[in-house]
$ cat start_32.csv   # CSV, C-alpha atoms
chain,number,residue,atom,x,y,z
G,166,MET,CA,7.5,-19.6,-36.1
G,167,ASP,CA,10.3,-17.7,-34.4
G,168,ILE,CA,8.7,-15.5,-31.8
G,169,GLY,CA,11.8,-13.4,-31.6
G,170,LYS,CA,11.3,-12.0,-35.1
G,171,GLU,CA,9.2,-9.0,-35.8
G,172,ILE,CA,5.9,-9.8,-37.5
G,173,LYS,CA,5.5,-7.6,-40.5
G,174,ASP,CA,2.4,-5.4,-41.1
G,175,GLN,CA,1.1,-6.1,-37.6
G,176,ARG,CA,0.7,-3.7,-34.7
G,177,SER,CA,1.2,-4.8,-31.2
G,178,PHE,CA,-1.0,-3.2,-28.5
G,179,PHE,CA,1.1,-4.6,-25.7
G,180,ALA,CA,3.9,-2.7,-23.9
G,181,GLN,CA,6.8,-4.7,-22.7
G,182,ARG,CA,7.6,-4.7,-19.0
G,183,ARG,CA,10.6,-6.0,-17.1
G,184,GLU,CA,9.2,-5.9,-13.6
G,185,PHE,CA,6.0,-5.8,-11.6
G,186,ASN,CA,5.0,-5.4,-8.0
G,187,PHE,CA,2.9,-7.2,-5.4
G,188,PHE,CA,2.7,-6.9,-1.6
G,189,ILE,CA,3.5,-9.0,1.4
G,190,GLU,CA,1.1,-7.3,3.8
G,191,ASP,CA,2.3,-3.7,3.6
G,192,GLU,CA,5.7,-4.4,2.1
G,193,GLU,CA,5.9,-3.8,-1.7
G,194,ILE,CA,7.8,-6.4,-3.5
G,195,THR,CA,9.3,-5.7,-7.0
G,196,VAL,CA,9.7,-8.8,-9.1
G,197,LYS,CA,12.4,-8.6,-11.8
G,198,THR,CA,11.4,-10.8,-14.7
G,199,ASP,CA,14.9,-11.3,-16.1
G,200,ASP,CA,15.9,-15.0,-15.9
G,201,LEU,CA,12.6,-15.8,-14.1
G,202,PRO,CA,11.0,-18.7,-16.0
G,203,PRO,CA,7.2,-18.7,-16.6
G,204,GLU,CA,6.7,-21.8,-14.4
G,205,THR,CA,8.0,-20.0,-11.3
G,206,SER,CA,5.4,-20.4,-8.6
G,207,LEU,CA,4.5,-18.0,-5.9
G,208,ASN,CA,5.6,-20.6,-3.4
G,209,TYR,CA,9.1,-20.7,-4.9
G,210,TYR,CA,9.4,-16.9,-4.9
G,211,ILE,CA,8.2,-16.6,-1.3
G,212,ARG,CA,10.6,-19.3,-0.1
G,213,GLN,CA,13.7,-18.9,-2.3
G,214,LYS,CA,13.7,-15.2,-3.2
G,215,LEU,CA,12.1,-13.6,-0.1
G,216,HIS,CA,13.3,-16.4,2.3
G,217,LEU,CA,9.9,-16.6,4.1
G,218,THR,CA,10.1,-20.3,4.8
G,219,GLY,CA,7.1,-20.5,7.1
G,220,THR,CA,5.1,-21.3,3.9
G,221,LYS,CA,5.9,-24.9,3.2
G,222,TYR,CA,5.7,-27.2,0.2
G,223,MET,CA,5.3,-30.9,-0.3
G,224,CYS,CA,3.2,-32.3,-3.2
G,225,ASN,CA,3.5,-29.3,-5.5
G,226,GLU,CA,0.1,-30.1,-7.1
G,227,GLY,CA,-2.4,-28.6,-4.7
G,228,GLY,CA,-3.2,-31.8,-2.8
G,229,CYS,CA,-1.7,-31.4,0.7
G,230,GLY,CA,-2.3,-27.8,1.7
G,231,ALA,CA,1.2,-27.2,3.2
G,232,CYS,CA,1.7,-24.3,0.8
G,233,VAL,CA,-1.5,-22.4,1.4
G,234,VAL,CA,-1.3,-18.6,1.7
G,235,ALA,CA,-4.1,-16.0,1.7
G,236,VAL,CA,-4.3,-13.3,-1.0
G,237,THR,CA,-6.4,-10.1,-1.1
G,238,VAL,CA,-7.3,-9.3,-4.7
G,239,THR,CA,-9.8,-7.1,-6.5
G,240,ASP,CA,-12.6,-9.0,-8.2
G,241,PRO,CA,-12.8,-7.8,-11.8
G,242,THR,CA,-16.5,-8.2,-11.9
G,243,THR,CA,-17.4,-6.2,-8.8
G,244,ASN,CA,-14.2,-4.1,-8.4
G,245,CYS,CA,-14.4,-5.0,-4.7
G,246,ASP,CA,-11.6,-6.5,-2.6
G,247,THR,CA,-11.9,-10.1,-1.6
G,248,ILE,CA,-9.6,-12.4,0.4
G,249,LEU,CA,-9.0,-16.0,-0.6
G,250,ALA,CA,-6.9,-19.0,0.4
G,251,VAL,CA,-4.8,-20.3,-2.5
G,252,ASN,CA,-2.2,-23.0,-3.1
G,253,SER,CA,0.9,-21.1,-3.6
G,254,CYS,CA,2.5,-24.0,-5.4
G,255,LEU,CA,0.0,-23.7,-8.2
G,256,VAL,CA,0.0,-19.9,-8.6
G,257,PRO,CA,2.4,-18.6,-11.2
G,258,ILE,CA,4.3,-15.6,-9.9
G,259,TYR,CA,3.4,-13.7,-13.1
G,260,VAL,CA,-0.3,-13.5,-12.2
G,261,CYS,CA,0.4,-11.9,-8.8
G,262,GLU,CA,0.7,-8.3,-10.0
G,263,GLY,CA,-1.1,-6.0,-7.5
G,264,TRP,CA,-2.0,-8.9,-5.1
G,265,ARG,CA,-1.6,-8.5,-1.4
G,266,VAL,CA,-0.2,-11.8,-0.1
G,267,HIS,CA,-0.6,-12.8,3.5
G,268,THR,CA,1.9,-15.4,4.8
G,269,ILE,CA,2.2,-17.1,8.2
G,270,GLU,CA,5.0,-14.6,9.2
G,271,SER,CA,2.9,-11.5,8.2
G,272,ILE,CA,-0.3,-12.3,10.0
G,273,GLY,CA,1.3,-12.6,13.4
G,274,ASN,CA,4.7,-13.2,15.0
G,275,GLU,CA,6.5,-12.9,18.3
G,276,LYS,CA,7.6,-9.3,17.6
G,277,LYS,CA,4.2,-7.8,16.6
G,278,GLY,CA,2.0,-10.2,18.4
G,279,TYR,CA,0.1,-13.3,17.3
G,280,HIS,CA,-3.2,-13.5,15.4
G,281,PRO,CA,-6.3,-14.8,17.2
G,282,ILE,CA,-6.3,-18.0,15.1
G,283,GLN,CA,-2.6,-18.6,16.0
G,284,LYS,CA,-3.4,-18.2,19.7
G,285,ALA,CA,-6.4,-20.5,19.4
G,286,LEU,CA,-4.4,-23.3,17.8
G,287,VAL,CA,-1.9,-23.1,20.7
G,288,GLN,CA,-4.7,-23.0,23.3
G,289,PHE,CA,-6.2,-26.2,21.9
G,290,ASN,CA,-2.9,-28.0,21.4
G,291,GLY,CA,-3.5,-28.2,17.6
G,292,THR,CA,0.0,-28.9,16.5
G,293,GLN,CA,2.6,-31.7,16.8
G,294,CYS,CA,5.3,-31.9,14.2
G,295,GLY,CA,4.1,-28.5,12.9
G,296,TYR,CA,4.7,-29.0,9.2
G,297,CYS,CA,1.1,-28.6,8.2
G,298,THR,CA,0.4,-25.8,10.7
G,299,SER,CA,1.1,-22.7,8.5
G,300,GLY,CA,-1.1,-24.1,5.8
G,301,MET,CA,-3.9,-24.8,8.3
G,302,LEU,CA,-3.7,-21.3,9.7
G,303,MET,CA,-3.6,-19.6,6.3
G,304,ASN,CA,-6.6,-21.6,5.1
G,305,MET,CA,-8.5,-20.4,8.2
G,306,PHE,CA,-7.3,-16.8,7.9
G,307,PRO,CA,-9.7,-15.7,5.0
G,308,LEU,CA,-12.7,-17.3,6.8
G,309,TYR,CA,-11.8,-15.5,10.0
G,310,GLU,CA,-11.2,-12.1,8.2
G,311,LEU,CA,-14.6,-12.3,6.4
G,312,GLY,CA,-16.2,-12.6,9.8
G,313,ASP,CA,-19.3,-14.2,11.3
G,314,PHE,CA,-18.6,-17.8,10.3
G,315,THR,CA,-20.1,-21.0,11.7
G,316,MET,CA,-18.7,-24.2,13.0
G,317,GLU,CA,-20.2,-26.0,10.0
G,318,GLN,CA,-18.3,-23.7,7.7
G,319,VAL,CA,-15.0,-24.5,9.5
G,320,GLU,CA,-15.8,-28.2,9.2
G,321,ASN,CA,-16.3,-27.8,5.5
G,322,SER,CA,-13.1,-25.8,4.8
G,323,PHE,CA,-10.2,-28.2,5.5
G,324,ALA,CA,-10.5,-31.0,3.0
G,325,GLY,CA,-7.3,-29.8,1.3
G,326,ASN,CA,-5.1,-29.7,4.4
G,327,ILE,CA,-3.4,-32.9,5.4
G,328,CYS,CA,-2.2,-33.6,8.9
G,329,ARG,CA,-0.5,-36.9,9.8
G,330,CYS,CA,-0.2,-36.2,13.6
G,331,THR,CA,-3.2,-34.7,15.3
G,332,GLY,CA,-6.2,-36.5,13.9
G,333,TYR,CA,-7.6,-33.1,13.1
G,334,ARG,CA,-9.9,-32.8,16.1
G,335,PRO,CA,-7.8,-30.3,18.1
G,336,ILE,CA,-7.2,-28.2,15.0
G,337,LEU,CA,-10.9,-28.0,14.1
G,338,SER,CA,-11.8,-27.4,17.7
G,339,ALA,CA,-9.4,-24.5,17.8
G,340,PHE,CA,-10.9,-22.8,14.8
G,341,LYS,CA,-14.5,-23.7,15.7
G,342,SER,CA,-14.0,-22.0,19.0
G,343,LEU,CA,-13.9,-18.7,17.1
G,344,ALA,CA,-17.1,-19.3,15.3
G,345,SER,CA,-20.3,-17.3,15.9
G,346,ASP,CA,-22.2,-20.4,17.1
G,347,ALA,CA,-19.5,-21.9,19.3
G,348,THR,CA,-20.4,-22.7,22.9
G,349,PRO,CA,-18.2,-23.6,25.8
G,350,ALA,CA,-20.3,-26.7,26.3
G,351,VAL,CA,-19.2,-28.0,23.0
G,352,LEU,CA,-15.6,-26.8,22.7
G,353,GLY,CA,-14.4,-25.5,26.1
G,354,SER,CA,-13.7,-21.9,26.9
G,355,TYR,CA,-11.9,-19.5,24.5
G,356,ALA,CA,-12.3,-16.0,23.3
G,357,ASP,CA,-14.9,-15.2,20.6
G,358,ILE,CA,-14.4,-13.3,17.4
G,359,GLU,CA,-13.0,-9.8,17.8
G,360,ASP,CA,-15.1,-6.8,16.9
G,361,ILE,CA,-15.5,-6.5,13.2
G,362,LYS,CA,-14.3,-3.4,11.5
G,363,ILE,CA,-16.5,-2.4,8.5
G,364,CYS,CA,-14.9,-1.0,5.4
G,365,GLU,CA,-16.5,2.3,4.4
G,366,ARG,CA,-15.9,1.6,0.7
G,367,SER,CA,-17.2,-2.0,0.4
G,368,GLY,CA,-19.5,-2.2,3.4
G,369,LYS,CA,-17.9,-5.5,4.4
G,370,ARG,CA,-15.2,-6.4,6.9
G,371,CYS,CA,-12.1,-4.5,6.2
G,372,PHE,CA,-8.9,-6.4,5.3
G,373,ALA,CA,-6.9,-3.6,6.9
G,374,PRO,CA,-5.3,-2.2,4.9
G,375,CYS,CA,-7.6,-2.6,1.8
G,376,ALA,CA,-6.0,-4.0,-1.3
G,377,SER,CA,-7.4,-1.3,-3.6
G,378,LYS,CA,-4.3,0.8,-3.5
G,379,CYS,CA,-2.3,-2.0,-5.1
G,380,SER,CA,-4.9,-3.3,-7.5
G,381,LYS,CA,-5.0,-0.4,-9.9
G,382,LYS,CA,-6.4,-1.0,-13.4
G,383,SER,CA,-3.5,-1.8,-15.6
G,384,GLN,CA,-2.9,-1.8,-19.3
G,385,PRO,CA,-2.2,-5.0,-21.4
G,386,HIS,CA,1.4,-5.8,-21.4
G,387,PHE,CA,3.9,-8.6,-21.8
G,388,TYR,CA,7.2,-9.9,-20.3
G,389,SER,CA,9.8,-11.2,-22.7
G,390,LEU,CA,11.3,-14.3,-21.0
G,391,GLN,CA,14.2,-16.6,-22.0
G,392,SER,CA,12.4,-18.4,-24.8
G,393,SER,CA,8.8,-17.3,-24.5
G,394,LYS,CA,6.5,-14.3,-23.7
G,395,TRP,CA,4.0,-13.8,-20.9
G,396,TYR,CA,1.0,-11.6,-21.8
G,397,LYS,CA,-1.4,-10.0,-19.4
G,398,VAL,CA,-4.8,-9.2,-21.0
G,399,TYR,CA,-8.0,-7.6,-19.8
G,400,SER,CA,-10.5,-8.3,-22.7
G,401,ILE,CA,-11.4,-11.0,-25.2
G,402,ASP,CA,-10.1,-8.7,-28.0
G,403,GLU,CA,-6.7,-8.6,-26.4
G,404,ILE,CA,-6.7,-12.4,-26.3
G,405,LEU,CA,-7.4,-12.4,-30.0
G,406,ASP,CA,-4.5,-9.9,-30.5
G,407,VAL,CA,-2.1,-12.3,-28.9
G,408,PHE,CA,-3.5,-15.2,-31.0
G,409,MET,CA,-2.7,-13.1,-34.1
G,410,GLU,CA,0.8,-12.5,-33.0
G,411,ALA,CA,1.4,-16.1,-32.0
G,412,GLY,CA,0.4,-17.4,-35.4
G,413,GLU,CA,1.5,-21.1,-35.5
G,414,SER,CA,3.5,-20.8,-32.2
G,415,SER,CA,2.3,-22.8,-29.1
G,416,TYR,CA,0.3,-21.0,-26.4
G,417,GLN,CA,-1.3,-21.6,-23.1
G,418,LEU,CA,-4.2,-19.8,-21.4
G,419,VAL,CA,-3.2,-19.3,-17.8
G,420,SER,CA,-5.8,-18.9,-15.1
G,421,GLY,CA,-6.5,-21.4,-12.3
G,422,ASN,CA,-3.4,-23.4,-13.2
G,423,SER,CA,-4.7,-26.2,-10.9
G,424,ALA,CA,-3.5,-29.0,-13.3
G,425,LYS,CA,0.1,-28.0,-12.7
G,426,GLY,CA,2.0,-31.0,-11.2
G,427,VAL,CA,-0.8,-33.5,-12.1
G,428,TYR,CA,-0.3,-32.8,-15.8
G,429,PRO,CA,3.2,-31.3,-16.2
G,430,LEU,CA,4.1,-29.5,-19.4
G,431,ARG,CA,6.0,-31.8,-21.8
G,432,LYS,CA,7.2,-29.0,-24.0
G,433,GLU,CA,8.1,-25.3,-23.6
G,434,VAL,CA,5.3,-23.0,-24.5
G,435,ASP,CA,6.0,-19.9,-26.7
G,436,PHE,CA,3.1,-17.7,-25.5
G,437,TYR,CA,1.5,-17.6,-22.0
G,438,ILE,CA,-1.7,-15.6,-21.9
G,439,ASP,CA,-2.9,-14.6,-18.4
G,440,ILE,CA,-6.7,-14.3,-18.6
G,441,THR,CA,-7.4,-13.9,-14.8
G,442,CYS,CA,-8.7,-10.3,-15.2
G,443,VAL,CA,-10.8,-10.7,-18.4
G,444,LYS,CA,-14.1,-9.5,-17.0
G,445,ALA,CA,-16.3,-10.9,-19.8
G,446,LEU,CA,-15.1,-14.4,-18.9
G,447,LEU,CA,-16.0,-14.0,-15.2
G,448,GLU,CA,-19.5,-12.6,-15.4
G,449,HIS,CA,-22.9,-14.2,-15.8
G,450,ARG,CA,-26.1,-13.0,-17.4
G,451,MET,CA,-29.7,-14.1,-17.9
G,452,GLU,CA,-31.1,-14.7,-21.3
G,453,GLY,CA,-34.8,-15.4,-20.7
G,454,ASP,CA,-35.0,-18.6,-18.8
G,455,HIS,CA,-31.4,-19.5,-19.5
G,456,LEU,CA,-28.3,-18.8,-17.4
G,457,VAL,CA,-25.1,-18.0,-19.2
G,458,ILE,CA,-21.9,-18.0,-17.1
G,459,GLY,CA,-18.4,-17.0,-18.1
G,460,ALA,CA,-16.0,-19.8,-19.0
G,461,ASN,CA,-13.4,-18.5,-16.5
G,462,MET,CA,-15.8,-18.2,-13.4
G,463,THR,CA,-14.2,-20.0,-10.5
G,464,LEU,CA,-15.9,-23.0,-8.9
G,465,THR,CA,-16.3,-21.0,-5.6
G,466,ASN,CA,-18.1,-18.2,-7.4
G,467,ALA,CA,-20.2,-20.7,-9.4
G,468,MET,CA,-21.3,-22.3,-6.1
G,469,HIS,CA,-22.3,-18.9,-4.6
G,470,LEU,CA,-24.2,-18.0,-7.8
G,471,PHE,CA,-26.0,-21.3,-8.0
G,472,CYS,CA,-27.1,-21.1,-4.3
G,473,SER,CA,-28.3,-17.6,-4.8
G,474,LEU,CA,-30.3,-18.3,-8.0
G,475,ALA,CA,-31.8,-21.5,-6.5
G,476,THR,CA,-33.2,-19.4,-3.6
G,477,GLN,CA,-34.4,-16.5,-5.6
G,478,HIS,CA,-35.9,-18.2,-8.7
G,479,LYS,CA,-38.0,-21.3,-8.6
G,480,GLN,CA,-37.0,-22.4,-12.1
G,481,PHE,CA,-33.4,-22.6,-11.0
G,482,SER,CA,-34.0,-24.6,-7.8
G,483,TYR,CA,-32.1,-27.5,-9.3
G,484,LEU,CA,-28.9,-25.4,-9.2
G,485,GLN,CA,-28.7,-26.1,-5.5
G,486,LYS,CA,-27.9,-29.7,-6.3
G,487,LEU,CA,-25.1,-28.6,-8.6
G,488,ALA,CA,-23.7,-26.3,-5.9
G,489,ASP,CA,-23.8,-29.3,-3.5
G,490,HIS,CA,-21.9,-31.4,-6.0
G,491,ILE,CA,-19.2,-28.8,-6.6
G,492,ASP,CA,-18.7,-28.7,-2.8
G,493,LEU,CA,-17.4,-32.3,-3.2
G,494,VAL,CA,-14.9,-31.3,-5.9
G,495,ALA,CA,-11.3,-30.6,-4.9
G,496,THR,CA,-10.8,-28.3,-1.9
G,497,VAL,CA,-11.6,-24.7,-0.9
G,498,SER,CA,-8.2,-23.3,-1.9
G,499,VAL,CA,-8.3,-25.1,-5.3
G,500,ARG,CA,-11.9,-24.1,-6.0
G,501,ASN,CA,-11.0,-20.5,-5.3
G,502,VAL,CA,-9.0,-20.4,-8.5
G,503,SER,CA,-10.2,-23.4,-10.6
G,504,LYS,CA,-12.7,-23.1,-13.4
$ encode --input "start_32.csv" --output "structure tokens"
Amino acid sequence: MDIGKEIKDQRSFFAQRREFNFFIEDEEITVKTDDLPPETSLNYYIRQKLHLTGTKYMCNEGGCGACVVAVTVTDPTTNCDTILAVNSCLVPIYVCEGWRVHTIESIGNEKKGYHPIQKALVQFNGTQCGYCTSGMLMNMFPLYELGDFTMEQVENSFAGNICRCTGYRPILSAFKSLASDATPAVLGSYADIEDIKICERSGKRCFAPCASKCSKKSQPHFYSLQSSKWYKVYSIDEILDVFMEAGESSYQLVSGNSAKGVYPLRKEVDFYIDITCVKALLEHRMEGDHLVIGANMTLTNAMHLFCSLATQHKQFSYLQKLADHIDLVATVSVRNVSK
């Protein structure tokens, strides 16, 4: 089926767009979709288009952590802002509409001053060749920004960041020194967490500035690319609309994209369907004694849900074991987007 031809007797509910916006901290970035293939990653765009080369790349399949950046996004299920570490090599640039991306250059630099986690890493001599440093710092950044973390949480957050030089101890010691339960007897002397600013809207630590102004509810739309189309949908009905339009053409549902690199596409896809904001696929509900969870819920959110239900409901105590098992799957930055 030629996707370039009009499909008779069928209405399309999707407006065509040729550009979209996201933010690098406070700077609004306009992405022109002309000649930008669907496999373009956030990492490629940051490095090659914006020339922010502090964000590195190496394995291009989410295994080394060199490419990690932090993103502030609005959770479709709660409408609250949250900050996550993600592997920029896995994230398609087309899913970044409205995101606020934090890079190693934007969180702190010589001109505007360095972030406390950057200062800590220097204080504890946590770098040698420096290639992994930006990924380490950006993996730590969301944990720091969420506030009141423990040394154990730091210890459990860096399975996806590879360092060939330091042996990890000075890196983890630097980040643990900022934890709420850190003591000089364990780690040596260093400044504690800064005062936490509480956001009036969410009641949680503010990601100053909040991402809400760039995460407005959008309408379903598509981008016409060189030989394919990229659809952004917000409901299951809209997914079905794209299926109708696709007919016999090939399609791919895009969400976590964590298989990229490990299982590369062998053939060009005609229709890409971005389902990251389909609320019905992200929520959970109780049906009597049964728990039903959305097929697109991230592993991180599933872990949090399982731990909560295991504590609150005796019949779901077994879910703690599932949460413990998921904690052994992949890495924090991969689990933040994987389903």
$ closest_atom_pairs --input "start_32.csv" --of "segment 436-459 of chain G" --to "segment 188-212 of chain G" --cutoff "12 Å" --atoms "all atoms listed in the file" --output "JSON lines"
{"residue": "G:Phe436", "atom": "CA", "partner": "G:Pro203", "partner_atom": "CA", "distance": 9.8}
{"residue": "G:Tyr437", "atom": "CA", "partner": "G:Pro203", "partner_atom": "CA", "distance": 7.9}
{"residue": "G:Ile438", "atom": "CA", "partner": "G:Pro203", "partner_atom": "CA", "distance": 10.8}
{"residue": "G:Asp439", "atom": "CA", "partner": "G:Pro203", "partner_atom": "CA", "distance": 11.0}
$ closest_residue --input "start_32.csv" --among "G:Ala424, G:Leu390, G:Val419, G:Ile248" --to "Gln181 of chain G" --atoms "all atoms listed in the file"
G:Leu390
$ atom_distance --input "start_32.csv" --atom1 "atom CA of Leu286 of chain G" --atom2 "atom CA of Gly227 of chain G"
23.2 Å
$ residues_near_point --input "start_32.csv" --point "(-0.4, -4.2, -24.6)" --cutoff "12 Å" --atoms "all atoms listed in the file" --output "JSON, numbers by chain"
{"G": [176, 177, 178, 179, 180, 181, 182, 383, 384, 385, 386, 387, 388, 395, 396, 397, 398, 399, 400, 402, 403, 404, 406, 407, 410, 438]}
$ residues_around --input "start_32.csv" --residues "segment 444-451 of chain G" --least-positions-apart "2" --cutoff "8 Å" --atoms "all atoms listed in the file" --output "list in words"
Pro241, Thr242, Tyr399, Ser400, Ile401, Cys442, Gly453, Asp454, His455, Leu456, Val457, Ile458, Gly459, Ala460, Asn461, Met462 and Thr463 of chain G
$ closest_residue --input "start_32.csv" --among "G:Gly219, G:Gly325, G:Gly332, G:Pro429" --to "Asn252 of chain G" --atoms "only C-alpha atoms"
G:Gly325
$ atom_distance --input "start_32.csv" --atom1 "atom CA of Val233 of chain G" --atom2 "atom CA of Gln288 of chain G"
22.1 Å
$ closest_residue --input "start_32.csv" --among "G:Asp240, G:Glu320, G:Glu262, G:Glu310" --to "Val497 of chain G" --atoms "all atoms listed in the file"
G:Glu320
$ residues_near_point --input "start_32.csv" --point "(-19.6, -24.1, -11.6)" --cutoff "8 Å" --atoms "only C-alpha atoms" --output "MDAnalysis selection string"
chainID G and resid 462:468 471 487:488 491 504
$ atom_distance --input "start_32.csv" --atom1 "atom CA of Met305 of chain G" --atom2 "atom CA of Phe185 of chain G"
28.6 Å
$ closest_residue --input "start_32.csv" --among "G:Arg334, G:Arg500, G:Lys341, G:Lys276" --to "Val319 of chain G" --atoms "only C-alpha atoms"
G:Lys341
$ closest_residue --input "start_32.csv" --among "G:Leu474, G:Ala344, G:Met223, G:Val260" --to "Cys297 of chain G" --atoms "only C-alpha atoms"
G:Met223
$ residues_around --input "start_32.csv" --residues "His280 of chain G" --least-positions-apart "5" --cutoff "10 Å" --atoms "only C-alpha atoms" --output "list in words"
Ile269, Ser271, Ile272, Gly273, Asn274, Ala285, Leu302 and Phe306 of chain G
$ closest_residue --input "start_32.csv" --among "G:His490, G:Thr348, G:Thr441, G:Asn326" --to "Val238 of chain G" --atoms "only C-alpha atoms"
G:Thr441
